[in-house]
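Below is one structure, written out as C-alpha cells; comments come after it.
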Amino acid sequence: MINIRPFQKTDAAVFKALNIAWLEKYFYVEAYDREVLSHPKKYILDKGGYIFMVDYKGDTIGTMALLKHPNEIYEFTKMAVAPDLQGLGIGQKMMAYVIAFAKAQDLKGLILYSNTKLENAIYIYRKYGFIEIPQEQEVIYKRSNIKMKYPL
C-alpha cells in the first residue's frame, strides 16, 4: 500500500509543504518550524538525523524525521500525512516503521513532543509503547504540552 523511503534532495519542497499544511490545520507554524522545514539537510540530516518520505500510488503523501539530540537520543518529529489521506492507518504504519528502524539502528532513545489536543495521535503513541515523561521547563515547541519516550 505505502512505500517508506529515505529523503532525497528533491523532496525538500514536499517535506516542507506537508508539514506546514499539518501545522496550519492543527496549530500554527512557529519560527523554529519554519527554519527547520526550510533547511532539513542543515538541521536534521547534517546533524546525524534521518528523514523518511511516504509514497502512495505514485505520490509522496507523508513524511517523518528523527532529529538527533545529545547522548544518542532521537526525537521523532515532522510526522505529517496529506490531509485527504489522514485516518486510513498510514500514521500507524509510519510509527511501526520508525520504531523498527530505531531498534535496527540500535538507537539509545526515542522521544517525541506532542499536544494532548491530538487525541488520536496520543492514542497511537501509547498503543505502540510510548510513555509520558516530564517535559523540560524550556520547551522546544510552544504548542507542546506532552513529552513521551519509547523504551528502547
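How things are named: the first chain in the C-alpha cells is A, the next is B, and so on; residues count from 1 in each chain; ligands count from 1 in the order shown.
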
Please return as a ChimeraX atom specification: the residues of chain A that backbone DSSP assigns to alpha helix (DSSP H).
/A:12-26,31-38,40,90-104,119-127

Report as a tab-separated table: every residue of stretch 32-80 of chain A with an atom at most 12 Å from stretch 92-99 of chain A, its closest pair of atoms, and their distance in Å to one decimal, counting only C-alpha atoms, with rows sorted by chain and ascending residue number.
```
residue	atom	partner	partner_atom	distance
A:Tyr50	CA	A:Val98	CA	10.1
A:Ile51	CA	A:Val98	CA	10.2
A:Phe52	CA	A:Val98	CA	9.0
A:Met53	CA	A:Met94	CA	9.6
A:Val54	CA	A:Met94	CA	8.1
A:Asp55	CA	A:Met94	CA	11.2
A:Ile61	CA	A:Met94	CA	11.6
A:Gly62	CA	A:Met94	CA	8.8
A:Thr63	CA	A:Met94	CA	8.6
A:Met64	CA	A:Met94	CA	7.8
A:Ala65	CA	A:Val98	CA	8.6
A:Leu66	CA	A:Val98	CA	8.3
A:Tyr74	CA	A:Val98	CA	10.7
A:Glu75	CA	A:Val98	CA	10.8
A:Phe76	CA	A:Val98	CA	8.0
A:Thr77	CA	A:Val98	CA	10.5
A:Lys78	CA	A:Met94	CA	11.6
A:Met79	CA	A:Met94	CA	8.4
A:Ala80	CA	A:Met94	CA	9.7
```

Selection above as a file: C-alpha atoms, as a PDB file, in the first residue's frame:
```pdb
ATOM      1  CA  TYR A  50      17.060  10.868   9.392  1.00  0.00           C
ATOM      2  CA  ILE A  51      14.135  11.920   7.213  1.00  0.00           C
ATOM      3  CA  PHE A  52      11.719   9.477   5.619  1.00  0.00           C
ATOM      4  CA  MET A  53       9.159  10.076   2.901  1.00  0.00           C
ATOM      5  CA  VAL A  54       5.990   8.071   2.361  1.00  0.00           C
ATOM      6  CA  ASP A  55       4.817   7.302  -1.170  1.00  0.00           C
ATOM      7  CA  ILE A  61       1.907  11.759   0.823  1.00  0.00           C
ATOM      8  CA  GLY A  62       3.765  11.666   4.110  1.00  0.00           C
ATOM      9  CA  THR A  63       6.923  12.482   5.970  1.00  0.00           C
ATOM     10  CA  MET A  64       8.630  11.876   9.293  1.00  0.00           C
ATOM     11  CA  ALA A  65      12.019  12.538  10.793  1.00  0.00           C
ATOM     12  CA  LEU A  66      14.345  11.546  13.586  1.00  0.00           C
ATOM     13  CA  TYR A  74      16.429  10.890  18.692  1.00  0.00           C
ATOM     14  CA  GLU A  75      13.277  12.955  18.554  1.00  0.00           C
ATOM     15  CA  PHE A  76      10.505  11.524  16.388  1.00  0.00           C
ATOM     16  CA  THR A  77       9.297  14.680  14.648  1.00  0.00           C
ATOM     17  CA  LYS A  78       7.936  16.225  11.464  1.00  0.00           C
ATOM     18  CA  MET A  79       5.349  13.482  11.011  1.00  0.00           C
ATOM     19  CA  ALA A  80       2.699  14.530   8.536  1.00  0.00           C
TER      20      ALA A  80
END
```

Which residues, written as a PyMOL selection string, have at least one atom at most 12 Å from stretch 131-137 of chain A, with only C-alpha atoms counted and residues fewer than 4 positions away on the same chain left out?
chain A and resi 110-116+122-127+141-142+144-152

Given only C-alpha atoms as the counted atoms, nearest of A:Gly87, A:Ile2, A:Val36, A:Val14 to A:Gly58:
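Closest residue, counting only C-alpha atoms: A:Ile2.
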
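Reported to one decimal place, the separation of atom CA of A:Ile90 from atom CA of A:Arg34 is 24.5 Å.
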